[in-house]
>>> print(open('entry_8.csv').read())   # CSV, C-alpha atoms
chain,number,residue,atom,x,y,z
M,1,MET,CA,-38.4,54.5,-54.6
M,2,SER,CA,-36.4,54.1,-57.7
M,3,LEU,CA,-35.0,50.7,-58.9
M,4,LEU,CA,-31.5,50.2,-60.2
M,5,THR,CA,-30.8,47.3,-62.6
M,6,THR,CA,-27.6,45.8,-63.9
M,7,PRO,CA,-27.3,43.0,-66.4
M,8,PHE,CA,-24.1,40.9,-66.1
M,9,GLU,CA,-22.7,37.6,-67.3
M,10,ILE,CA,-20.6,35.0,-65.6
M,11,LEU,CA,-19.1,32.3,-67.8
M,12,SER,CA,-21.3,33.7,-70.5
M,13,PHE,CA,-24.5,32.9,-68.5
M,14,PRO,CA,-26.8,36.0,-68.3
M,15,PHE,CA,-28.0,37.4,-65.0
M,16,GLU,CA,-29.7,40.5,-63.9
M,17,LEU,CA,-29.7,42.3,-60.5
M,18,THR,CA,-32.3,44.8,-59.4
M,19,THR,CA,-32.2,46.8,-56.2
M,20,ASN,CA,-33.6,49.9,-54.5
M,21,ASP,CA,-30.5,50.4,-52.4
M,22,LYS,CA,-28.0,52.6,-54.2
M,23,LYS,CA,-25.1,51.8,-51.8
M,24,PHE,CA,-25.5,48.0,-52.4
M,25,PHE,CA,-25.8,48.6,-56.2
M,26,THR,CA,-22.4,50.4,-56.2
M,27,GLU,CA,-20.8,47.8,-53.9
M,28,PHE,CA,-22.2,44.9,-56.0
M,29,SER,CA,-20.8,46.4,-59.2
M,30,GLU,CA,-17.4,47.0,-57.6
M,31,LEU,CA,-17.1,43.5,-56.0
M,32,ASN,CA,-18.3,41.8,-59.1
M,33,SER,CA,-16.1,43.7,-61.6
M,34,ALA,CA,-13.3,41.0,-61.9
M,35,LEU,CA,-15.7,38.1,-62.0
M,36,ALA,CA,-18.5,39.2,-64.3
M,37,SER,CA,-18.7,40.8,-67.7
M,38,PRO,CA,-21.3,43.4,-68.5
M,39,GLY,CA,-24.5,42.0,-70.0
M,40,ASN,CA,-24.5,42.0,-73.8
M,41,GLY,CA,-28.2,42.4,-74.4
M,42,ARG,CA,-29.2,38.8,-74.0
M,43,LEU,CA,-32.3,38.2,-71.9
M,44,PRO,CA,-31.3,37.2,-68.3
M,45,LEU,CA,-32.1,33.6,-67.4
M,46,VAL,CA,-31.9,34.4,-63.7
M,47,GLN,CA,-33.0,37.6,-62.2
M,48,TYR,CA,-32.1,38.7,-58.6
M,49,SER,CA,-33.7,41.4,-56.6
M,50,VAL,CA,-32.4,42.9,-53.4
M,51,ILE,CA,-35.1,45.1,-52.0
M,52,LYS,CA,-34.8,47.1,-48.8
M,53,ASN,CA,-37.9,47.6,-46.7
M,54,SER,CA,-38.2,49.2,-43.3
M,55,LYS,CA,-36.4,46.3,-41.5
M,56,TYR,CA,-34.6,44.0,-44.0
M,57,PHE,CA,-33.0,43.5,-47.3
M,58,CYS,CA,-34.9,40.7,-49.1
M,59,ILE,CA,-33.2,38.7,-51.7
M,60,ARG,CA,-35.3,37.0,-54.4
M,61,GLU,CA,-34.4,34.8,-57.3
M,62,ASN,CA,-36.8,34.9,-60.3
M,63,GLY,CA,-39.4,36.3,-57.8
M,64,THR,CA,-38.9,33.5,-55.3
M,65,PHE,CA,-37.8,34.5,-51.8
M,66,ARG,CA,-34.2,33.2,-51.0
M,67,ASN,CA,-32.9,35.1,-48.0
M,68,ARG,CA,-33.2,38.3,-45.9
M,69,TRP,CA,-30.6,40.3,-44.0
M,70,ALA,CA,-30.7,43.1,-41.5
M,71,HIS,CA,-27.3,44.4,-42.7
M,72,ARG,CA,-25.8,45.3,-46.0
M,73,TRP,CA,-22.5,43.5,-45.7
M,74,PRO,CA,-23.7,39.8,-46.2
M,75,LEU,CA,-25.7,40.8,-49.3
M,76,TYR,CA,-23.0,40.4,-51.9
M,77,LEU,CA,-22.0,37.0,-50.6
M,78,SER,CA,-25.6,35.9,-50.3
M,79,VAL,CA,-26.4,36.9,-53.9
M,80,MET,CA,-23.3,35.2,-55.1
M,81,MET,CA,-24.1,32.0,-53.4
M,82,CYS,CA,-27.4,32.0,-55.3
M,83,VAL,CA,-25.5,32.9,-58.5
M,84,ARG,CA,-23.1,29.9,-57.9
M,85,ASP,CA,-26.0,27.5,-57.4
M,86,SER,CA,-27.5,28.7,-60.7
M,87,LEU,CA,-24.2,28.2,-62.5
M,88,TYR,CA,-23.9,24.7,-61.0
M,89,LEU,CA,-27.4,23.9,-62.1
M,90,HIS,CA,-27.4,25.3,-65.6
M,91,LEU,CA,-23.9,25.0,-66.9
M,92,LYS,CA,-23.0,21.5,-68.1
M,93,ASP,CA,-19.7,22.4,-69.8
M,94,PHE,CA,-17.8,23.0,-66.7
M,95,LEU,CA,-16.7,21.1,-63.6
M,96,PHE,CA,-16.9,23.3,-60.5
M,97,LEU,CA,-14.5,22.3,-57.7
M,98,HIS,CA,-14.3,23.5,-54.1
M,99,SER,CA,-10.8,24.8,-54.7
M,100,ALA,CA,-8.7,27.9,-54.9
M,101,ALA,CA,-6.3,28.3,-57.8
M,102,VAL,CA,-3.3,30.4,-58.8
M,103,ALA,CA,-1.2,30.3,-61.9
M,104,LYS,CA,2.2,31.1,-63.2
M,105,ASP,CA,3.6,30.8,-66.8
M,106,ASN,CA,0.1,29.6,-67.9
M,107,LYS,CA,0.2,26.7,-65.5
M,108,ALA,CA,-2.4,26.4,-62.8
M,109,VAL,CA,-2.0,25.1,-59.2
M,110,LEU,CA,-5.3,23.9,-57.8
M,111,LEU,CA,-5.6,24.1,-54.0
M,112,ALA,CA,-8.6,21.9,-53.3
M,113,GLY,CA,-10.3,21.3,-50.0
M,114,PRO,CA,-13.2,22.0,-47.7
M,115,SER,CA,-13.8,25.2,-45.9
M,116,GLU,CA,-11.2,26.2,-43.4
M,117,SER,CA,-8.5,24.1,-45.0
M,118,GLY,CA,-6.4,27.2,-45.7
M,119,LYS,CA,-7.3,27.8,-49.4
M,120,SER,CA,-7.8,31.6,-49.3
M,121,THR,CA,-4.9,32.2,-46.9
M,122,LEU,CA,-2.6,30.1,-49.2
M,123,THR,CA,-3.9,31.9,-52.2
M,124,LEU,CA,-3.1,35.3,-50.8
M,125,GLY,CA,0.3,34.0,-49.6
M,126,LEU,CA,1.2,32.7,-53.1
M,127,LEU,CA,0.3,36.1,-54.7
M,128,ASN,CA,3.4,37.4,-52.9
M,129,TYR,CA,5.5,34.9,-54.9
M,130,GLY,CA,4.3,36.2,-58.2
M,131,TYR,CA,1.4,33.9,-58.9
M,132,GLN,CA,-1.7,35.2,-60.7
M,133,TYR,CA,-5.0,35.0,-58.9
M,134,LEU,CA,-7.6,32.7,-60.5
M,135,THR,CA,-10.0,31.9,-57.7
M,136,ASP,CA,-10.2,31.4,-53.9
M,137,GLU,CA,-13.3,29.2,-53.7
M,138,VAL,CA,-14.6,27.9,-57.0
M,139,ALA,CA,-12.2,26.4,-59.5
M,140,VAL,CA,-13.8,26.2,-62.9
M,141,ILE,CA,-12.6,23.5,-65.3
M,142,SER,CA,-13.7,23.4,-68.9
M,143,LEU,CA,-14.8,19.9,-69.9
M,144,SER,CA,-13.3,20.6,-73.4
M,145,GLY,CA,-9.5,20.6,-72.8
M,146,LEU,CA,-9.7,20.3,-69.0
M,147,LYS,CA,-8.3,23.8,-68.5
M,148,ALA,CA,-8.8,26.1,-65.5
M,149,ILE,CA,-10.7,29.2,-66.1
M,150,PRO,CA,-10.5,32.4,-63.9
M,151,PHE,CA,-13.4,32.9,-61.4
M,152,GLN,CA,-12.1,36.0,-59.8
M,153,ARG,CA,-14.5,36.7,-57.0
M,154,PRO,CA,-13.1,38.8,-54.1
M,155,ILE,CA,-10.9,36.8,-51.8
M,156,TYR,CA,-12.4,36.4,-48.3
M,157,ILE,CA,-10.1,35.9,-45.4
M,158,TYR,CA,-10.5,35.8,-41.6
M,159,GLY,CA,-8.6,38.4,-39.6
M,160,TRP,CA,-7.3,41.9,-40.4
M,161,LEU,CA,-3.6,41.2,-40.6
M,162,PRO,CA,-1.9,42.4,-43.8
M,163,THR,CA,-1.4,39.5,-46.1
M,164,LEU,CA,0.0,41.0,-49.2
M,165,SER,CA,3.4,42.6,-49.8
M,166,THR,CA,3.4,46.3,-50.6
M,167,GLU,CA,4.1,45.5,-54.2
M,168,ARG,CA,1.0,43.2,-54.6
M,169,ARG,CA,-1.3,45.3,-52.5
M,170,LYS,CA,-1.8,47.7,-55.4
M,171,ASP,CA,-3.4,44.9,-57.4
M,172,PHE,CA,-6.2,44.5,-54.8
M,173,GLN,CA,-8.5,46.7,-52.9
M,174,PHE,CA,-8.9,45.6,-49.3
M,175,CYS,CA,-12.2,46.1,-47.3
M,176,ARG,CA,-12.7,45.0,-43.7
M,177,PHE,CA,-15.9,44.1,-41.9
M,178,LYS,CA,-17.0,42.4,-38.7
M,179,GLU,CA,-19.3,39.5,-38.5
M,180,ARG,CA,-21.3,38.7,-35.4
M,181,TYR,CA,-21.4,35.0,-34.4
M,182,GLY,CA,-23.6,34.7,-31.4
M,183,SER,CA,-21.9,36.8,-28.7
M,184,THR,CA,-18.5,37.0,-30.5
M,185,ILE,CA,-17.5,39.4,-33.3
M,186,GLN,CA,-15.1,38.1,-35.9
M,187,PRO,CA,-13.0,40.3,-38.1
M,188,TRP,CA,-12.9,39.6,-41.8
M,189,GLN,CA,-11.4,41.2,-44.9
M,190,TYR,CA,-11.8,40.8,-48.5
M,191,ALA,CA,-9.5,41.6,-51.4
M,192,VAL,CA,-11.0,42.7,-54.6
M,193,PRO,CA,-8.9,42.2,-57.7
M,194,GLN,CA,-8.0,45.5,-59.4
M,195,ARG,CA,-7.1,46.2,-63.0
M,196,ASP,CA,-3.7,44.6,-63.2
M,197,ALA,CA,-4.8,41.4,-61.4
M,198,ILE,CA,-7.9,40.9,-63.6
M,199,LEU,CA,-7.4,38.2,-66.2
M,200,PRO,CA,-9.1,38.1,-69.6
M,201,LYS,CA,-12.3,36.1,-69.4
M,202,ASP,CA,-11.1,33.8,-72.2
M,203,SER,CA,-7.8,32.9,-70.3
M,204,ARG,CA,-7.2,29.1,-70.0
M,205,PHE,CA,-4.6,27.5,-67.7
M,206,GLU,CA,-3.1,24.0,-67.8
M,207,VAL,CA,-3.8,22.2,-64.5
M,208,THR,CA,-0.3,21.1,-63.7
M,209,TRP,CA,-0.4,20.7,-59.9
M,210,ILE,CA,-3.2,19.7,-57.6
M,211,ILE,CA,-2.6,20.2,-53.9
M,212,PHE,CA,-4.9,19.4,-51.0
M,213,PRO,CA,-4.0,21.7,-48.1
M,214,THR,CA,-4.9,21.0,-44.5
M,215,TYR,CA,-4.4,23.8,-42.1
M,216,ASN,CA,-3.3,22.8,-38.6
M,217,LYS,CA,-2.8,25.6,-36.2
M,218,THR,CA,-1.0,23.4,-33.7
M,219,GLN,CA,1.6,22.5,-36.2
M,220,LYS,CA,4.7,24.7,-36.5
M,221,SER,CA,6.0,23.7,-39.9
M,222,SER,CA,4.6,22.7,-43.3
M,223,TYR,CA,5.3,19.8,-45.5
M,224,LEU,CA,4.2,18.3,-48.8
M,225,LYS,CA,3.5,14.7,-49.3
M,226,PRO,CA,3.0,13.1,-52.8
M,227,ILE,CA,-0.3,11.2,-53.0
M,228,SER,CA,-1.4,8.6,-55.5
M,229,LYS,CA,-3.5,9.6,-58.5
M,230,ALA,CA,-6.4,7.5,-57.2
M,231,GLU,CA,-6.3,9.3,-53.9
M,232,ALA,CA,-6.3,12.6,-55.7
M,233,VAL,CA,-9.3,11.6,-57.8
M,234,PHE,CA,-11.1,10.5,-54.6
M,235,ASN,CA,-10.3,13.8,-52.9
M,236,LEU,CA,-11.2,15.9,-55.9
M,237,MET,CA,-14.5,14.2,-56.3
M,238,GLN,CA,-15.3,14.9,-52.7
M,239,ASN,CA,-14.7,18.6,-53.4
M,240,GLY,CA,-16.9,18.8,-56.5
M,241,TRP,CA,-19.6,21.4,-56.4
M,242,ASN,CA,-21.6,20.0,-59.3
M,243,MET,CA,-20.4,16.4,-59.4
M,244,GLN,CA,-24.0,15.2,-59.1
M,245,HIS,CA,-24.7,16.4,-62.7
M,246,PHE,CA,-21.9,14.2,-64.1
M,247,ASN,CA,-23.0,10.8,-63.0
M,248,ASP,CA,-21.7,9.1,-66.0
M,249,CYS,CA,-18.6,11.1,-66.7
M,250,GLY,CA,-17.6,12.9,-63.4
M,251,LEU,CA,-15.2,10.1,-62.4
M,252,LYS,CA,-13.7,10.1,-65.9
M,253,VAL,CA,-13.2,13.8,-66.0
M,254,CYS,CA,-11.5,13.9,-62.6
M,255,SER,CA,-9.2,11.0,-63.4
M,256,GLU,CA,-8.2,12.7,-66.7
M,257,LEU,CA,-7.5,15.9,-64.9
M,258,VAL,CA,-5.4,14.1,-62.3
M,259,LYS,CA,-3.5,12.1,-64.9
M,260,LYS,CA,-2.1,15.3,-66.3
M,261,ALA,CA,-1.1,16.8,-62.9
M,262,ASP,CA,1.3,16.1,-60.0
M,263,CYS,CA,-0.7,15.6,-56.8
M,264,TYR,CA,0.2,16.4,-53.2
M,265,GLN,CA,-1.2,16.8,-49.8
M,266,LEU,CA,0.0,19.9,-48.0
M,267,MET,CA,0.1,19.9,-44.2
M,268,MET,CA,0.2,23.6,-43.4
M,269,GLY,CA,1.4,25.1,-40.1
M,270,ASP,CA,3.6,27.9,-41.3
M,271,LEU,CA,2.3,29.9,-44.3
M,272,LYS,CA,5.6,31.2,-45.6
M,273,GLU,CA,7.1,27.7,-45.5
M,274,ALA,CA,4.0,26.3,-47.3
M,275,CYS,CA,4.3,29.0,-50.0
M,276,GLU,CA,8.0,28.2,-50.5
M,277,LEU,CA,7.3,24.5,-50.8
M,278,ILE,CA,4.8,25.2,-53.5
M,279,GLU,CA,7.1,27.6,-55.3
M,280,GLY,CA,9.8,25.0,-55.1
M,281,LEU,CA,7.5,22.4,-56.4
M,282,THR,CA,6.4,24.4,-59.4
M,283,GLY,CA,10.0,24.8,-60.4
M,284,ASN,CA,10.7,28.4,-59.6
M,285,SER,CA,12.9,28.3,-56.5
M,286,PRO,CA,14.0,24.8,-55.6
M,287,VAL,CA,16.6,26.1,-53.2
M,288,SER,CA,13.9,27.0,-50.7
M,289,VAL,CA,12.5,23.5,-50.6
M,290,LYS,CA,13.8,21.3,-47.8
M,291,SER,CA,16.0,18.5,-49.1
M,292,GLU,CA,13.8,15.6,-47.8
M,293,VAL,CA,10.8,17.1,-49.5
M,294,LEU,CA,12.7,17.5,-52.7
M,295,GLU,CA,13.8,13.9,-52.5
M,296,SER,CA,10.3,12.8,-52.2
M,297,ILE,CA,9.3,14.9,-55.1
M,298,TRP,CA,12.1,13.5,-57.3
M,299,ARG,CA,11.2,9.9,-56.1
M,300,ARG,CA,7.6,10.5,-57.1
M,301,LYS,CA,8.7,11.9,-60.5
M,302,ALA,CA,10.9,8.9,-61.1
M,303,LEU,CA,8.1,6.6,-60.3
M,304,LEU,CA,5.9,8.3,-62.9
J,1,MET,CA,-22.0,-17.2,-48.0
J,2,GLN,CA,-20.5,-13.9,-49.1
J,3,SER,CA,-21.5,-12.5,-52.5
J,4,LEU,CA,-18.4,-12.1,-54.7
J,5,LYS,CA,-20.2,-10.2,-57.5
J,6,LYS,CA,-19.4,-6.5,-58.1
J,7,ARG,CA,-22.5,-4.4,-58.6
J,8,PRO,CA,-22.8,-3.8,-62.4
J,9,ASP,CA,-24.0,-0.2,-62.1
J,10,LEU,CA,-20.8,1.1,-60.4
J,11,LEU,CA,-18.5,3.4,-62.3
J,12,ILE,CA,-14.9,2.3,-62.0
J,13,GLU,CA,-11.6,3.8,-62.8
J,14,GLU,CA,-8.3,2.0,-62.5
J,15,ILE,CA,-5.5,4.5,-61.9
J,16,GLU,CA,-2.0,3.2,-61.7
J,17,ASP,CA,-2.4,0.3,-59.3
J,18,GLU,CA,-5.4,1.6,-57.4
J,19,VAL,CA,-9.1,1.7,-58.0
J,20,VAL,CA,-11.7,4.5,-57.6
J,21,ILE,CA,-15.3,3.6,-57.6
J,22,TYR,CA,-18.3,6.0,-58.0
J,23,ASP,CA,-21.6,4.7,-56.8
J,24,PRO,CA,-24.3,6.6,-58.7
J,25,ARG,CA,-27.0,5.3,-56.4
J,26,THR,CA,-25.5,7.0,-53.3
J,27,GLN,CA,-23.3,9.5,-55.1
J,28,ARG,CA,-20.5,8.3,-53.0
J,29,VAL,CA,-16.9,7.8,-54.1
J,30,HIS,CA,-14.7,5.0,-52.8
J,31,HIS,CA,-10.9,4.6,-53.0
J,32,LEU,CA,-9.3,1.2,-52.9
J,33,ASN,CA,-5.7,0.9,-51.8
J,34,PRO,CA,-3.4,-1.3,-53.9
J,35,MET,CA,-4.2,-4.5,-51.9
J,36,ALA,CA,-7.9,-3.9,-51.9
J,37,SER,CA,-7.7,-3.1,-55.7
J,38,ILE,CA,-6.1,-6.5,-56.3
J,39,ILE,CA,-8.9,-8.2,-54.4
J,40,TRP,CA,-11.4,-6.1,-56.3
J,41,GLU,CA,-9.9,-7.3,-59.6
J,42,LEU,CA,-10.0,-10.9,-58.5
J,43,LEU,CA,-13.7,-10.7,-57.7
J,44,GLY,CA,-14.4,-11.2,-61.3
J,45,VAL,CA,-12.2,-14.2,-61.6
J,46,CYS,CA,-12.4,-16.2,-58.4
J,47,SER,CA,-15.4,-17.9,-56.9
J,48,CYS,CA,-14.6,-17.7,-53.2
J,49,PRO,CA,-12.5,-15.7,-50.7
J,50,GLU,CA,-10.1,-18.7,-50.2
J,51,GLU,CA,-9.4,-18.7,-54.0
J,52,ILE,CA,-8.7,-15.0,-54.0
J,53,ALA,CA,-6.3,-15.4,-51.1
J,54,ARG,CA,-4.6,-18.4,-52.9
J,55,GLU,CA,-4.1,-16.3,-56.0
J,56,ILE,CA,-2.6,-13.4,-54.1
J,57,VAL,CA,-0.3,-15.7,-52.1
J,58,ASP,CA,0.9,-17.4,-55.3
J,59,VAL,CA,1.8,-14.1,-56.9
J,60,LEU,CA,3.1,-12.1,-53.9
J,61,LYS,CA,4.8,-15.1,-52.2
J,62,THR,CA,3.6,-13.8,-48.9
J,63,ASP,CA,2.2,-15.1,-45.6
J,64,SER,CA,-1.1,-16.8,-46.3
J,65,SER,CA,-2.8,-16.2,-42.9
J,66,THR,CA,-2.2,-12.4,-43.3
J,67,VAL,CA,-3.6,-12.5,-46.9
J,68,GLU,CA,-6.7,-14.5,-45.9
J,69,LYS,CA,-7.4,-12.0,-43.1
J,70,ASP,CA,-6.9,-9.0,-45.6
J,71,VAL,CA,-9.3,-10.7,-48.1
J,72,GLN,CA,-12.0,-11.3,-45.4
J,73,GLU,CA,-11.7,-7.8,-44.1
J,74,THR,CA,-11.8,-6.2,-47.5
J,75,LEU,CA,-14.8,-8.2,-48.6
J,76,LYS,CA,-16.5,-7.2,-45.4
J,77,GLN,CA,-15.8,-3.6,-46.1
J,78,LEU,CA,-17.0,-3.8,-49.7
J,79,GLN,CA,-20.2,-5.4,-48.5
J,80,ASN,CA,-20.7,-2.8,-45.8
J,81,LYS,CA,-20.3,-0.1,-48.4
J,82,ARG,CA,-22.8,-2.0,-50.6
J,83,LEU,CA,-20.4,-2.4,-53.5
J,84,LEU,CA,-21.2,-6.0,-54.0
J,85,GLU,CA,-24.5,-7.6,-55.2
>>> encode(input="entry_8.csv", output="structure tokens")
Amino acid sequence: MSLLTTPFEILSFPFELTTNDKKFFTEFSELNSALASPGNGRLPLVQYSVIKNSKYFCIRENGTFRNRWAHRWPLYLSVMMCVRDSLYLHLKDFLFLHSAAVAKDNKAVLLAGPSESGKSTLTLGLLNYGYQYLTDEVAVISLSGLKAIPFQRPIYIYGWLPTLSTERRKDFQFCRFKERYGSTIQPWQYAVPQRDAILPKDSRFEVTWIIFPTYNKTQKSSYLKPISKAEAVFNLMQNGWNMQHFNDCGLKVCSELVKKADCYQLMMGDLKEACELIEGLTGNSPVSVKSEVLESIWRRKALL
Amino acid sequence: MQSLKKRPDLLIEEIEDEVVIYDPRTQRVHHLNPMASIIWELLGVCSCPEEIAREIVDVLKTDSSTVEKDVQETLKQLQNKRLLE
């Protein structure tokens, strides 16, 4: 059986993927196109193999067994989780945060929080308001300059409902799949950034707003609450992917990042309202922001 | 007798009027609200909880019994989180 190999780089870190499954090879190249650059001849520091045998797809990292799957659909995510772990381990020039991020006018909005806090949903929602997609899961902050760097993996979202306006749908290719959890089957979709949505790898964005969303399905409306810088540092550090590598300077980096940004907690019940609140906050459409929210924003700004 | 010494290996950031502490031993992060932050600051200056409470009452001109209770409670929490020696 013939092997297919593709070298690629993420944040200039060289990887290589080898597989004997042509369909996965094509899928991997498509899903990775916005995130990775083609390899530039450097020797890969981490090699992955996805080899299909009679029953399973086996994932290995530098020859060591990492995972196996009976189906093709979890393979990309599974490999990318290994890739992320490698990045966290090897790259010391970046802070990786569990956060989504979007940008407008070169200013980034971080949406930091744990799984199921609404990051991906909010990210897709904000794309309808003209924001650029940076990431839905891993916010990359360069330690030099504390700027946000695009990490444009596909956006994964629960449910099959349309989430983007017709105008923005052309910037993303949507794929649907079903995941089995015990006896239930859950619908998922992912949005792969296409040409116009893909940002140059050397793009850098000023982190101007840091928002900590919390999704509450029993809540009907959404509201923003300013939080103190110290609380923001505390929250940010709890959402660090590689904070353990920055023992001596992680706290410093987070507090410097926070000092330059306005920080809020977002209680999210209604997506449209949440997006409008953020749009109003970032100075694009203040008329759509509720007056009491605006007042609290202005009060906060006056205090600062 | 309660220890009133901060652990010297902790990483501390004062941000506006609050304090964030990173404990490299446990890799935990702690956030002190403004009142707890004042008490934390006074740990380096005062020798006993009563003295901390007196300092705060003098500056804030507030009810001493409430402050004493806050100081005791905060010190207990700081000890439980092993932020004191």
>>> closest_atom_pairs(input="entry_8.csv", of="chain J", to="chain M", cutoff="8 Å", atoms="only C-alpha atoms", output="CSV")
residue,atom,partner,partner_atom,distance
J:Leu11,CA,M:Leu251,CA,7.5
J:Ile12,CA,M:Leu251,CA,7.8
J:Glu13,CA,M:Leu251,CA,7.3
J:Glu14,CA,M:Ala230,CA,7.9
J:Ile15,CA,M:Ala230,CA,5.6
J:Glu16,CA,M:Lys229,CA,7.3
J:Glu18,CA,M:Ala230,CA,6.0
J:Val19,CA,M:Ala230,CA,6.4
J:Val20,CA,M:Ala230,CA,6.1
J:Tyr22,CA,M:Leu251,CA,6.8
J:Pro24,CA,M:Asn247,CA,6.1
J:Gln27,CA,M:Gln244,CA,7.0
J:Val29,CA,M:Phe234,CA,6.4
J:His30,CA,M:Phe234,CA,6.8
J:His31,CA,M:Phe234,CA,6.1
>>> atom_distance(input="entry_8.csv", atom1="CA of Lys107 in chain M", atom2="CA of Pro14 in chain M")
28.7 Å
>>> residues_around(input="entry_8.csv", residues="Arg153 in chain M", least_positions_apart="3", cutoff="8 Å", atoms="only C-alpha atoms", output="PDB file with C-alpha atoms, in the frame of the given file")
ATOM      1  CA  LEU M  31     -17.100  43.500 -56.000  1.00  0.00           C
ATOM      2  CA  ASN M  32     -18.300  41.800 -59.100  1.00  0.00           C
ATOM      3  CA  ALA M  34     -13.300  41.000 -61.900  1.00  0.00           C
ATOM      4  CA  LEU M  35     -15.700  38.100 -62.000  1.00  0.00           C
ATOM      5  CA  THR M 135     -10.000  31.900 -57.700  1.00  0.00           C
ATOM      6  CA  ASP M 136     -10.200  31.400 -53.900  1.00  0.00           C
ATOM      7  CA  VAL M 192     -11.000  42.700 -54.600  1.00  0.00           C
ATOM      8  CA  PRO M 193      -8.900  42.200 -57.700  1.00  0.00           C
TER       9      PRO M 193
END
>>> atom_distance(input="entry_8.csv", atom1="CA of Phe205 in chain M", atom2="CA of Pro44 in chain M")
28.4 Å
>>> atom_distance(input="entry_8.csv", atom1="CA of Leu75 in chain J", atom2="CA of Ser37 in chain J")
11.3 Å
>>> residues_around(input="entry_8.csv", residues="Ala191 in chain M", least_positions_apart="3", cutoff="8 Å", atoms="all atoms listed in the file", output="list in words")
Pro154, Ile155, Tyr156, Phe172, Gln173, Phe174 and Cys175 of chain M
>>> residues_near_point(input="entry_8.csv", point="(-6.5, 32.2, -60.7)", cutoff="12 Å", atoms="only C-alpha atoms", output="count of residues only")
52
>>> residues_around(input="entry_8.csv", residues="Cys263 in chain M", least_positions_apart="4", cutoff="7 Å", atoms="only C-alpha atoms", output="ChimeraX atom specification")
/M:209-211,226-227,229,232
>>> residues_around(input="entry_8.csv", residues="Arg82 in chain J", least_positions_apart="5", cutoff="12 Å", atoms="all atoms listed in the file", output="list in words")
Ser3, Leu4, Lys5, Lys6, Arg7, Pro8, Asp9, Leu10, Ile21, Tyr22, Asp23, Pro24, Arg25, Thr26, Arg28, Val29, His30, Leu75, Lys76 and Gln77 of chain J
>>> closest_residue(input="entry_8.csv", among="M:Ser86, M:Thr214, M:Thr26, M:Asn242", to="Gly113 in chain M", atoms="all atoms listed in the file")
M:Thr214
>>> decode(input="entry_8.csv", residues="range 58-83 of chain M", atoms="C-alpha atoms", output="tab-separated table (two decimals), in the first residue's frame")
chain	number	residue	atom	x	y	z
M	58	CYS	CA	-3.65	4.19	14.11
M	59	ILE	CA	-2.11	7.57	14.93
M	60	ARG	CA	1.57	7.64	15.88
M	61	GLU	CA	3.78	10.54	16.85
M	62	ASN	CA	7.48	10.05	16.10
M	63	GLY	CA	6.76	6.32	16.06
M	64	THR	CA	4.94	6.25	19.42
M	65	PHE	CA	1.33	5.12	19.46
M	66	ARG	CA	-1.04	7.99	20.36
M	67	ASN	CA	-4.56	6.94	19.41
M	68	ARG	CA	-6.72	4.75	17.19
M	69	TRP	CA	-10.09	5.28	15.61
M	70	ALA	CA	-12.54	3.09	13.75
M	71	HIS	CA	-13.83	6.05	11.72
M	72	ARG	CA	-12.20	8.68	9.57
M	73	TRP	CA	-13.98	11.76	10.90
M	74	PRO	CA	-12.15	12.13	14.27
M	75	LEU	CA	-8.72	11.72	12.66
M	76	TYR	CA	-8.04	15.36	11.81
M	77	LEU	CA	-9.06	16.58	15.27
M	78	SER	CA	-7.06	13.84	16.91
M	79	VAL	CA	-3.90	14.63	14.94
M	80	MET	CA	-4.37	18.34	15.58
M	81	MET	CA	-4.63	17.74	19.32
M	82	CYS	CA	-1.22	16.07	19.13
M	83	VAL	CA	0.07	18.96	17.00
